[in-house]
>>> print(open('my_file-v8.cif').read())   # mmCIF, C-alpha atoms
data_coords
#
loop_
_atom_site.label_atom_id
_atom_site.label_comp_id
_atom_site.auth_asym_id
_atom_site.auth_seq_id
_atom_site.Cartn_x
_atom_site.Cartn_y
_atom_site.Cartn_z
CA MET A 1469 -17.03 8.18 -3.17
CA ALA A 1470 -18.74 6.01 -5.79
CA GLY A 1471 -17.04 2.73 -6.62
CA LYS A 1472 -15.68 2.13 -10.08
CA GLU A 1473 -18.28 0.56 -12.38
CA VAL A 1474 -17.42 -2.99 -13.36
CA LYS A 1475 -18.77 -4.27 -16.66
CA ILE A 1476 -19.68 -7.91 -16.81
CA GLY A 1477 -20.43 -9.69 -20.04
CA VAL A 1478 -19.42 -12.35 -22.52
CA ARG A 1479 -16.44 -11.42 -24.62
CA GLN A 1480 -17.65 -11.70 -28.21
CA GLY A 1481 -14.22 -11.77 -29.80
CA GLY A 1482 -12.76 -15.16 -30.60
CA THR A 1483 -9.11 -15.36 -29.70
CA ALA A 1484 -6.85 -17.69 -31.61
CA PRO A 1485 -6.94 -21.02 -29.78
CA ALA A 1486 -3.84 -22.37 -28.05
CA TYR A 1487 -1.99 -25.16 -29.84
CA ILE A 1488 -1.69 -28.46 -28.04
CA TRP A 1489 -0.09 -30.37 -30.92
CA THR A 1490 2.82 -29.51 -33.22
CA VAL A 1491 2.08 -30.01 -36.91
CA LYS A 1492 4.70 -31.67 -39.10
CA ILE A 1493 4.30 -32.39 -42.79
CA LEU A 1494 6.08 -34.84 -45.06
CA ASP A 1495 7.50 -33.37 -48.27
CA MET A 1496 5.60 -35.98 -50.29
CA ALA A 1497 2.34 -34.86 -48.65
CA TYR A 1498 3.03 -31.22 -49.42
CA ARG A 1499 3.98 -31.89 -53.03
CA GLU A 1500 0.97 -34.06 -53.74
CA ALA A 1501 -1.40 -31.55 -52.10
CA LEU A 1502 -0.04 -28.78 -54.33
CA GLY A 1503 -0.63 -31.09 -57.29
CA PHE A 1504 -4.40 -30.90 -57.02
CA LEU A 1505 -5.23 -28.04 -54.64
CA SER A 1506 -5.26 -24.36 -55.53
CA LYS A 1507 -3.69 -21.89 -53.06
CA ALA A 1508 -7.13 -21.15 -51.58
CA GLU A 1509 -7.95 -24.84 -51.24
CA TYR A 1510 -4.57 -25.59 -49.68
CA THR A 1511 -4.98 -22.80 -47.13
CA HIS A 1512 -8.49 -24.03 -46.27
CA MET A 1513 -7.15 -27.53 -45.57
CA ALA A 1514 -4.14 -26.13 -43.68
CA MET A 1515 -6.62 -24.25 -41.47
CA GLN A 1516 -8.38 -27.53 -40.67
CA VAL A 1517 -5.09 -29.17 -39.67
CA LYS A 1518 -4.12 -26.13 -37.58
CA LEU A 1519 -7.47 -26.32 -35.82
CA LEU A 1520 -6.95 -30.02 -35.10
CA ALA A 1521 -3.73 -29.01 -33.36
CA THR A 1522 -5.83 -27.09 -30.82
CA GLU A 1523 -7.96 -30.11 -29.89
CA ILE A 1524 -7.11 -32.47 -27.04
CA THR A 1525 -7.92 -35.52 -29.16
CA PRO A 1526 -7.59 -34.72 -32.88
CA SER A 1527 -8.62 -38.29 -33.68
CA HIS A 1528 -12.10 -37.45 -32.38
CA SER A 1529 -12.39 -33.90 -33.67
CA GLN A 1530 -15.45 -31.80 -32.91
CA LEU A 1531 -14.56 -29.42 -35.72
CA CYS A 1532 -13.97 -31.53 -38.80
CA SER A 1533 -14.70 -35.02 -40.06
CA VAL A 1534 -11.94 -37.41 -38.96
CA ASP A 1535 -12.00 -41.18 -39.49
CA ALA A 1536 -9.56 -43.81 -38.29
CA ILE A 1537 -7.62 -45.93 -40.79
CA GLU A 1538 -5.65 -48.60 -38.97
CA ASP A 1539 -3.36 -46.60 -36.62
CA PHE A 1540 -3.58 -43.30 -38.49
CA HIS A 1541 -6.43 -41.02 -39.53
CA GLU A 1542 -7.96 -39.11 -42.40
CA ILE A 1543 -9.70 -35.76 -42.58
CA ARG A 1544 -12.57 -35.71 -45.06
CA ASP A 1545 -13.77 -32.39 -46.38
CA TRP A 1546 -15.55 -30.88 -49.36
CA GLY A 1547 -17.65 -27.85 -50.22
CA GLY A 1548 -16.75 -24.26 -49.41
CA PRO A 1549 -13.55 -23.30 -51.24
CA LEU A 1550 -13.11 -26.97 -52.22
CA GLY A 1551 -16.38 -26.95 -54.15
CA GLY A 1552 -17.03 -30.45 -55.51
CA LYS A 1553 -13.54 -31.74 -54.67
CA ASN A 1554 -13.65 -34.46 -52.07
CA VAL A 1555 -10.33 -34.06 -50.28
CA ARG A 1556 -8.74 -36.51 -47.87
CA VAL A 1557 -5.74 -35.55 -45.74
CA PHE A 1558 -4.00 -38.35 -43.87
CA PHE A 1559 -2.21 -37.85 -40.57
CA GLY A 1560 -0.70 -39.79 -37.72
CA LEU A 1561 -0.45 -38.82 -34.06
CA MET A 1562 2.82 -39.27 -32.25
CA THR A 1563 3.29 -38.51 -28.59
CA GLY A 1564 6.33 -38.85 -26.41
CA ASP A 1565 8.21 -37.29 -23.58
CA GLY A 1566 7.31 -33.61 -23.94
CA PHE A 1567 6.02 -33.71 -27.50
CA LYS A 1568 2.71 -34.22 -29.26
CA ASP A 1569 2.97 -34.26 -33.05
CA ILE A 1570 0.41 -34.34 -35.81
CA VAL A 1571 2.30 -35.73 -38.79
CA VAL A 1572 0.64 -35.03 -42.13
CA LEU A 1573 1.32 -38.07 -44.29
CA GLY A 1574 -0.40 -37.30 -47.56
CA ALA A 1575 -3.44 -36.07 -49.39
CA ILE A 1576 -5.67 -37.26 -52.20
CA VAL A 1577 -8.68 -35.97 -54.06
CA LYS A 1578 -11.53 -38.46 -54.45
CA GLN A 1579 -13.89 -38.67 -57.39
CA ASN A 1580 -16.82 -39.17 -55.00
CA ASN A 1581 -17.69 -39.35 -51.32
CA GLY A 1582 -17.00 -43.09 -51.19
CA PRO A 1583 -14.36 -44.98 -49.23
CA THR A 1584 -10.67 -44.19 -49.58
CA PRO A 1585 -9.06 -46.42 -52.23
CA GLN A 1586 -7.07 -49.35 -50.85
CA GLY A 1587 -3.88 -48.38 -52.67
CA ASP A 1588 -3.83 -44.96 -51.03
CA LYS A 1589 -4.42 -46.52 -47.62
CA ILE A 1590 -1.43 -48.81 -48.16
CA ARG A 1591 0.69 -45.90 -49.41
CA MET A 1592 -0.10 -43.86 -46.28
CA ARG A 1593 0.34 -46.88 -44.00
CA ARG A 1594 3.82 -47.35 -45.46
CA ARG A 1595 4.76 -43.71 -44.97
CA TRP A 1596 3.52 -43.81 -41.37
CA ARG A 1597 5.42 -47.04 -40.71
CA LYS A 1598 8.65 -45.50 -42.00
CA TYR A 1599 8.09 -42.25 -40.07
CA LYS A 1600 7.52 -44.17 -36.84
CA ALA A 1601 10.69 -46.15 -37.49
CA GLY A 1602 12.61 -42.88 -37.77
CA GLU A 1603 13.29 -43.37 -41.49
CA PHE A 1604 13.04 -39.71 -42.50
CA SER A 1605 15.13 -36.57 -42.75
CA PRO A 1606 14.04 -34.04 -40.12
CA MET B 332 12.77 -62.37 -95.49
CA THR B 333 9.63 -61.20 -93.67
CA THR B 334 9.69 -64.27 -91.48
CA LEU B 335 13.29 -63.59 -90.58
CA THR B 336 12.52 -59.97 -89.58
CA ARG B 337 9.62 -61.08 -87.32
CA SER B 338 11.87 -63.60 -85.76
CA GLN B 339 14.49 -60.95 -85.11
CA ASP B 340 11.83 -58.63 -83.63
CA ASN B 341 10.64 -61.38 -81.34
CA ALA B 342 14.15 -62.06 -80.22
CA GLN B 343 14.64 -58.36 -79.52
CA GLU B 344 11.33 -58.17 -77.65
CA PHE B 345 12.24 -61.23 -75.62
CA SER B 346 15.57 -59.80 -74.56
CA THR B 347 13.92 -56.46 -73.63
CA PHE B 348 11.40 -58.23 -71.40
CA LYS B 349 14.15 -60.39 -69.99
CA LEU B 350 16.13 -57.29 -69.09
CA ALA B 351 13.04 -55.60 -67.57
CA ILE B 352 12.32 -58.68 -65.47
CA ALA B 353 15.91 -58.88 -64.32
CA VAL B 354 15.85 -55.22 -63.20
CA LEU B 355 12.49 -55.77 -61.50
CA ALA B 356 13.69 -58.91 -59.73
CA GLU B 357 16.80 -57.13 -58.51
CA ARG B 358 14.76 -54.22 -57.15
CA LEU B 359 12.19 -56.55 -55.53
CA ALA B 360 14.96 -58.49 -53.81
CA SER B 361 16.34 -55.28 -52.31
CA LEU B 362 13.00 -54.12 -50.82
CA PRO B 363 12.36 -54.25 -47.07
CA LYS B 364 10.11 -57.15 -46.04
CA ALA B 365 7.17 -54.90 -45.12
CA ASP B 366 7.34 -53.20 -48.53
CA LYS B 367 7.33 -56.58 -50.25
CA GLU B 368 4.19 -57.50 -48.31
CA ASP B 369 2.56 -54.21 -49.28
CA LEU B 370 3.48 -54.83 -52.89
CA PHE B 371 1.94 -58.29 -52.73
CA ASP B 372 -1.32 -56.82 -51.35
CA LEU B 373 -1.26 -54.14 -54.04
CA THR B 374 -0.85 -56.67 -56.82
CA LYS B 375 -4.02 -58.43 -55.66
CA ILE B 376 -5.85 -55.08 -55.45
CA LEU B 377 -4.64 -54.07 -58.91
CA PHE B 378 -5.96 -57.20 -60.57
CA SER B 379 -9.26 -57.28 -58.69
CA ALA B 380 -10.00 -53.53 -58.95
CA GLU B 381 -13.49 -52.83 -60.24
CA CYS B 382 -12.98 -49.16 -60.99
CA ASP B 383 -10.26 -47.01 -62.47
CA GLU B 384 -9.88 -45.02 -59.24
CA GLU B 385 -8.91 -48.19 -57.31
CA ARG B 386 -6.57 -49.27 -60.11
CA GLN B 387 -4.83 -45.88 -60.26
CA SER B 388 -4.55 -45.82 -56.47
CA ALA B 389 -2.86 -49.25 -56.43
CA MET B 390 -0.48 -48.20 -59.21
CA ARG B 391 0.50 -44.99 -57.35
CA ALA B 392 1.34 -47.04 -54.29
CA MET B 393 3.33 -49.64 -56.28
CA ASP B 394 5.27 -46.88 -57.99
CA GLU B 395 6.11 -45.26 -54.63
CA ILE B 396 7.34 -48.54 -53.18
CA MET B 397 9.48 -49.36 -56.21
CA GLU B 398 10.95 -45.85 -56.27
CA GLN B 399 12.03 -46.04 -52.60
CA ARG B 400 12.31 -42.27 -52.31
CA PRO B 401 13.35 -41.28 -48.76
CA LEU B 402 10.91 -39.37 -46.53
CA ALA B 403 11.66 -35.84 -45.38
CA LEU B 404 9.84 -33.18 -43.38
CA VAL B 405 9.05 -29.76 -44.82
CA ASN B 406 10.52 -26.95 -42.72
CA PRO B 407 8.92 -24.61 -41.87
CA VAL B 408 5.42 -26.05 -42.20
CA PRO B 409 3.70 -24.21 -45.08
CA ILE B 410 0.44 -22.82 -43.68
CA GLY B 411 -0.76 -21.18 -46.89
CA GLU B 412 -2.02 -17.65 -47.30
CA VAL B 413 -5.45 -16.10 -47.53
CA THR B 414 -5.68 -15.10 -51.18
CA GLU B 415 -8.67 -13.46 -52.87
CA PRO B 416 -10.78 -16.56 -53.62
CA LEU B 417 -10.49 -17.73 -50.02
CA GLN B 418 -11.14 -14.24 -48.66
CA ASN B 419 -14.29 -14.07 -50.78
CA TRP B 420 -15.44 -17.36 -49.29
CA LEU B 421 -14.59 -16.22 -45.75
CA ASP B 422 -16.57 -13.00 -46.27
CA PHE B 423 -19.49 -14.99 -47.68
CA ILE B 424 -19.72 -17.76 -45.08
CA SER B 425 -19.07 -15.48 -42.09
CA LYS B 426 -22.00 -13.26 -43.11
CA ARG B 427 -24.25 -16.27 -43.84
CA ILE B 428 -23.62 -17.73 -40.39
CA ARG B 429 -24.09 -14.40 -38.59
CA ASP B 430 -27.27 -13.53 -40.53
CA ALA B 431 -28.77 -17.00 -39.99
CA ARG B 432 -27.94 -16.91 -36.26
CA VAL B 433 -29.47 -13.47 -35.80
CA ALA B 434 -32.54 -14.50 -37.82
CA ALA B 435 -32.94 -17.49 -35.48
CA GLY B 436 -32.82 -15.13 -32.48
CA LEU B 437 -29.73 -16.75 -31.00
CA ASN B 438 -26.59 -15.23 -29.56
CA GLN B 439 -23.22 -16.85 -30.25
CA THR B 440 -23.22 -18.77 -26.98
CA ALA B 441 -26.68 -20.25 -27.63
CA LEU B 442 -25.74 -21.27 -31.17
CA ALA B 443 -22.48 -22.78 -29.92
CA ASP B 444 -24.37 -24.82 -27.28
CA LYS B 445 -26.90 -26.09 -29.81
CA ALA B 446 -24.21 -26.95 -32.37
CA GLY B 447 -21.78 -28.56 -29.92
CA LEU B 448 -19.13 -25.95 -30.64
CA THR B 449 -17.52 -23.24 -28.53
CA GLN B 450 -18.61 -19.60 -28.53
CA SER B 451 -15.07 -18.56 -29.45
CA HIS B 452 -15.18 -20.80 -32.53
CA ILE B 453 -18.51 -19.32 -33.64
CA SER B 454 -16.99 -15.89 -33.12
CA ARG B 455 -13.93 -16.73 -35.21
CA LEU B 456 -16.17 -18.05 -38.00
CA GLU B 457 -18.34 -14.91 -37.95
CA ASN B 458 -15.22 -12.75 -37.98
CA GLY B 459 -13.90 -14.62 -41.02
CA ASP B 460 -10.83 -15.81 -39.12
CA HIS B 461 -11.35 -19.46 -39.98
CA SER B 462 -12.69 -21.37 -42.98
CA PRO B 463 -15.22 -23.86 -41.59
CA SER B 464 -15.08 -27.55 -42.49
CA GLN B 465 -18.14 -29.19 -44.00
CA ALA B 466 -18.67 -30.98 -40.67
CA THR B 467 -18.86 -27.63 -38.86
CA ILE B 468 -21.19 -26.15 -41.47
CA ARG B 469 -23.50 -29.14 -41.04
CA LYS B 470 -23.50 -28.79 -37.24
CA ILE B 471 -24.35 -25.10 -37.48
CA ALA B 472 -27.03 -25.69 -40.11
CA ALA B 473 -28.65 -28.44 -38.01
CA ALA B 474 -28.61 -26.19 -34.93
CA LEU B 475 -30.35 -23.48 -36.94
CA GLY B 476 -32.86 -25.89 -38.48
CA MET B 477 -31.48 -25.34 -41.96
CA GLU B 478 -30.03 -27.46 -44.76
CA ALA B 479 -26.23 -27.24 -45.02
CA SER B 480 -26.66 -26.14 -48.64
CA GLU B 481 -28.47 -23.01 -47.42
CA LEU B 482 -25.22 -21.95 -45.75
CA ASP B 483 -22.87 -23.41 -48.34
CA PRO B 484 -24.47 -23.77 -51.78
CA SER B 485 -21.37 -25.57 -53.12
CA ALA B 486 -21.82 -28.51 -50.74
CA GLU B 487 -24.71 -30.23 -52.50
#
>>> encode(input="my_file-v8.cif", output="structure tokens")
Amino acid sequence: MAGKEVKIGVRQGGTAPAYIWTVKILDMAYREALGFLSKAEYTHMAMQVKLLATEITPSHSQLCSVDAIEDFHEIRDWGGPLGGKNVRVFFGLMTGDGFKDIVVLGAIVKQNNGPTPQGDKIRMRRRWRKYKAGEFSP
Amino acid sequence: MTTLTRSQDNAQEFSTFKLAIAVLAERLASLPKADKEDLFDLTKILFSAECDEERQSAMRAMDEIMEQRPLALVNPVPIGEVTEPLQNWLDFISKRIRDARVAAGLNQTALADKAGLTQSHISRLENGDHSPSQATIRKIAAALGMEASELDPSAE
């Protein structure tokens, strides 16, 4: 009796990656993002954050441009659905006993590809400081 | 008579400023120490800013500190939805990547290796399941020996 044929090959389908981090978003971040992003642009940026949540070290992403600012980080992206908008999304990483959180702190749109304005850095630093101190409503 | 009116206006203006300063001083006194330090840094930035973007950024931050609005989390996390403009982009970029890969004679695994990505990520991009970041587009373009703008004309 002939044995059952076994097919061997690379699976071409890409399954949704497993999440390592939990994404949290501050209401201020959400409101300001909606202030300058269309629905399509928002969803594009949300996809980038979701993808970061699948990486072991989101601070050194292989999939989008992430830079460190003090003890938090910013995603820089443009093009595609964003067109000429140079968008920055700020986030902090918080780990503890049994949890790994990506906390989205805020978002801005830049007029060019230059450095993030100092005022926005201070604004995000303050939000991150207060979040870390537990000064927020869950 | 005119002189008297001006004098009265000045007196009114003075008392308005005096009131504004009193309110400001009261609010400043109530701020947490770290916020006061941030505000001090922002004042320096505001007055030394060389462009409007820096100035506006400093003013946004000062406003937020003075307002002292409490932080809250959004529940559940809004993930957005794929509406028509985004779907059009996903259809466009997924086809561009697949066509360019096939034209280069690479399979998904070979492209992933050259671009420093995973095969499953390339597959998700070609299936239109994910909207690639500019960083990813640049990695793929470099691996295929192309300019990023050939894949994404909007990213000049």
>>> residues_around(input="my_file-v8.cif", residues="Leu1519 in chain A", least_positions_apart="4", cutoff="9 Å", atoms="all atoms listed in the file", output="list in words")
Pro1485, Tyr1487, Ala1514, Met1515, Glu1523, Pro1526, Leu1531 and Cys1532 of chain A; His461 of chain B
>>> closest_atom_pairs(input="my_file-v8.cif", of="chain A", to="chain B", cutoff="7 Å", atoms="all atoms listed in the file", output="Markdown table")
| residue | atom | partner | partner_atom | distance |
| --- | --- | --- | --- | --- |
| A:Gln1480 | CA | B:Ser454 | CA | 6.5 |
| A:Gly1481 | CA | B:Ser454 | CA | 6.0 |
| A:Gly1482 | CA | B:Ser451 | CA | 4.3 |
| A:Thr1483 | CA | B:Ser451 | CA | 6.8 |
| A:Lys1492 | CA | B:Val408 | CA | 6.5 |
| A:Ile1493 | CA | B:Leu404 | CA | 5.6 |
| A:Leu1494 | CA | B:Leu404 | CA | 4.4 |
| A:Asp1495 | CA | B:Val405 | CA | 5.2 |
| A:Lys1507 | CA | B:Gly411 | CA | 6.9 |
| A:Ala1508 | CA | B:Leu417 | CA | 5.0 |
| A:Tyr1510 | CA | B:Gly411 | CA | 6.5 |
| A:Thr1511 | CA | B:Gly411 | CA | 4.5 |
| A:His1512 | CA | B:Ser462 | CA | 6.0 |
| A:Ala1514 | CA | B:Ile410 | CA | 5.7 |
| A:Met1515 | CA | B:Ser462 | CA | 6.9 |
| A:Gln1516 | CA | B:Ser464 | CA | 6.9 |
| A:Leu1531 | CA | B:Thr467 | CA | 5.6 |
| A:Cys1532 | CA | B:Ala466 | CA | 5.1 |
| A:Ser1533 | CA | B:Ala466 | CA | 5.7 |
| A:Asp1545 | CA | B:Gln465 | CA | 5.9 |
| A:Trp1546 | CA | B:Gln465 | CA | 6.2 |
| A:Gly1547 | CA | B:Ala486 | CA | 4.3 |
| A:Gly1548 | CA | B:Ser485 | CA | 6.1 |
| A:Pro1549 | CA | B:Leu417 | CA | 6.5 |
| A:Gly1551 | CA | B:Ser485 | CA | 5.3 |
| A:Gly1552 | CA | B:Ser485 | CA | 7.0 |
| A:Pro1585 | CA | B:Glu385 | CA | 5.4 |
| A:Gln1586 | CA | B:Glu385 | CA | 6.8 |
| A:Gly1587 | CA | B:Ala389 | CA | 4.0 |
| A:Asp1588 | CA | B:Ser388 | CA | 5.6 |
| A:Ile1590 | CA | B:Asp369 | CA | 6.8 |
| A:Arg1591 | CA | B:Ala392 | CA | 5.1 |
| A:Glu1603 | CA | B:Leu402 | CA | 6.9 |
| A:Phe1604 | CA | B:Leu402 | CA | 4.6 |
| A:Ser1605 | CA | B:Ala403 | CA | 4.4 |
| A:Pro1606 | CA | B:Leu404 | CA | 5.4 |
>>> axis_aligned_box(input="my_file-v8.cif", around="range 1503-1519 of chain A", padding_each_side="3 Å", output="AutoDock Vina command-line options")
--center_x -4.6 --center_y -26.1 --center_z -46.6 --size_x 13.9 --size_y 15.9 --size_z 27.5
>>> resolve_selection(input="my_file-v8.cif", expression="the PyMOL selection byres ((chain A and resi 1539) around 10)", output="PyMOL selection string")
chain A and resi 1536-1538+1540-1541+1559-1561+1593+1596-1597
>>> atom_distance(input="my_file-v8.cif", atom1="CA of Lys1518 in chain A", atom2="CA of Leu1573 in chain A")
14.7 Å
>>> residues_around(input="my_file-v8.cif", residues="Arg358 in chain B", least_positions_apart="6", cutoff="10 Å", atoms="all atoms listed in the file", output="JSON, numbers by chain")
{"B": [352, 397, 398, 399]}
>>> residues_around(input="my_file-v8.cif", residues="Leu1505 in chain A", least_positions_apart="6", cutoff="10 Å", atoms="only C-alpha atoms", output="list in words")
Thr1511, His1512, Met1513, Leu1550, Lys1553, Val1555, Ala1575, Ile1576 and Val1577 of chain A
>>> resolve_selection(input="my_file-v8.cif", expression="the PyMOL selection byres ((chain A and resi 1568) around 10)", output="PyMOL selection string")
chain A and resi 1488-1491+1521+1561-1567+1569-1571
>>> atom_distance(input="my_file-v8.cif", atom1="CA of Arg1556 in chain A", atom2="CA of Arg1499 in chain A")
14.5 Å
>>> atom_distance(input="my_file-v8.cif", atom1="CA of Arg1544 in chain A", atom2="CA of Ala431 in chain B")
25.3 Å
>>> decode(input="my_file-v8.cif", residues="range 383-397 of chain B", atoms="N, CA, C and O atoms", output="JSON list (two decimals), in the first residue's frame")
[["chain", "number", "residue", "atom", "x", "y", "z"],
["B", 383, "ASP", "N", 8.18, 79.80, 13.46],
["B", 383, "ASP", "CA", 6.83, 79.78, 14.00],
["B", 383, "ASP", "C", 6.45, 78.41, 14.56],
["B", 383, "ASP", "O", 5.72, 78.31, 15.54],
["B", 384, "GLU", "N", 6.97, 77.35, 13.91],
["B", 384, "GLU", "CA", 6.64, 75.99, 14.36],
["B", 384, "GLU", "C", 7.13, 75.78, 15.81],
["B", 384, "GLU", "O", 6.41, 75.21, 16.63],
["B", 385, "GLU", "N", 8.35, 76.23, 16.10],
["B", 385, "GLU", "CA", 8.90, 76.10, 17.46],
["B", 385, "GLU", "C", 8.08, 76.93, 18.45],
["B", 385, "GLU", "O", 7.80, 76.50, 19.57],
["B", 386, "ARG", "N", 7.70, 78.14, 18.01],
["B", 386, "ARG", "CA", 6.94, 79.04, 18.88],
["B", 386, "ARG", "C", 5.57, 78.42, 19.20],
["B", 386, "ARG", "O", 5.15, 78.38, 20.35],
["B", 387, "GLN", "N", 4.90, 77.94, 18.17],
["B", 387, "GLN", "CA", 3.57, 77.33, 18.37],
["B", 387, "GLN", "C", 3.66, 76.10, 19.27],
["B", 387, "GLN", "O", 2.79, 75.86, 20.10],
["B", 388, "SER", "N", 4.72, 75.34, 19.07],
["B", 388, "SER", "CA", 4.93, 74.13, 19.87],
["B", 388, "SER", "C", 5.10, 74.48, 21.35],
["B", 388, "SER", "O", 4.51, 73.85, 22.23],
["B", 389, "ALA", "N", 5.89, 75.52, 21.61],
["B", 389, "ALA", "CA", 6.11, 75.96, 23.00],
["B", 389, "ALA", "C", 4.79, 76.45, 23.60],
["B", 389, "ALA", "O", 4.47, 76.16, 24.77],
["B", 390, "MET", "N", 4.02, 77.19, 22.81],
["B", 390, "MET", "CA", 2.75, 77.73, 23.33],
["B", 390, "MET", "C", 1.74, 76.62, 23.62],
["B", 390, "MET", "O", 1.00, 76.70, 24.61],
["B", 391, "ARG", "N", 1.72, 75.58, 22.77],
["B", 391, "ARG", "CA", 0.83, 74.43, 23.02],
["B", 391, "ARG", "C", 1.17, 73.79, 24.37],
["B", 391, "ARG", "O", 0.29, 73.45, 25.15],
["B", 392, "ALA", "N", 2.46, 73.63, 24.58],
["B", 392, "ALA", "CA", 2.91, 72.98, 25.82],
["B", 392, "ALA", "C", 2.58, 73.85, 27.04],
["B", 392, "ALA", "O", 2.12, 73.34, 28.07],
["B", 393, "MET", "N", 2.79, 75.17, 26.93],
["B", 393, "MET", "CA", 2.50, 76.07, 28.05],
["B", 393, "MET", "C", 1.01, 76.04, 28.37],
["B", 393, "MET", "O", 0.61, 76.00, 29.54],
["B", 394, "ASP", "N", 0.21, 76.04, 27.32],
["B", 394, "ASP", "CA", -1.24, 76.00, 27.49],
["B", 394, "ASP", "C", -1.66, 74.73, 28.23],
["B", 394, "ASP", "O", -2.50, 74.77, 29.14],
["B", 395, "GLU", "N", -1.06, 73.60, 27.83],
["B", 395, "GLU", "CA", -1.43, 72.31, 28.44],
["B", 395, "GLU", "C", -1.05, 72.29, 29.93],
["B", 395, "GLU", "O", -1.80, 71.77, 30.76],
["B", 396, "ILE", "N", 0.10, 72.85, 30.23],
["B", 396, "ILE", "CA", 0.53, 72.88, 31.64],
["B", 396, "ILE", "C", -0.40, 73.77, 32.46],
["B", 396, "ILE", "O", -0.84, 73.40, 33.55],
["B", 397, "MET", "N", -0.71, 74.94, 31.93],
["B", 397, "MET", "CA", -1.56, 75.88, 32.67],
["B", 397, "MET", "C", -2.97, 75.32, 32.85],
["B", 397, "MET", "O", -3.63, 75.57, 33.86]]
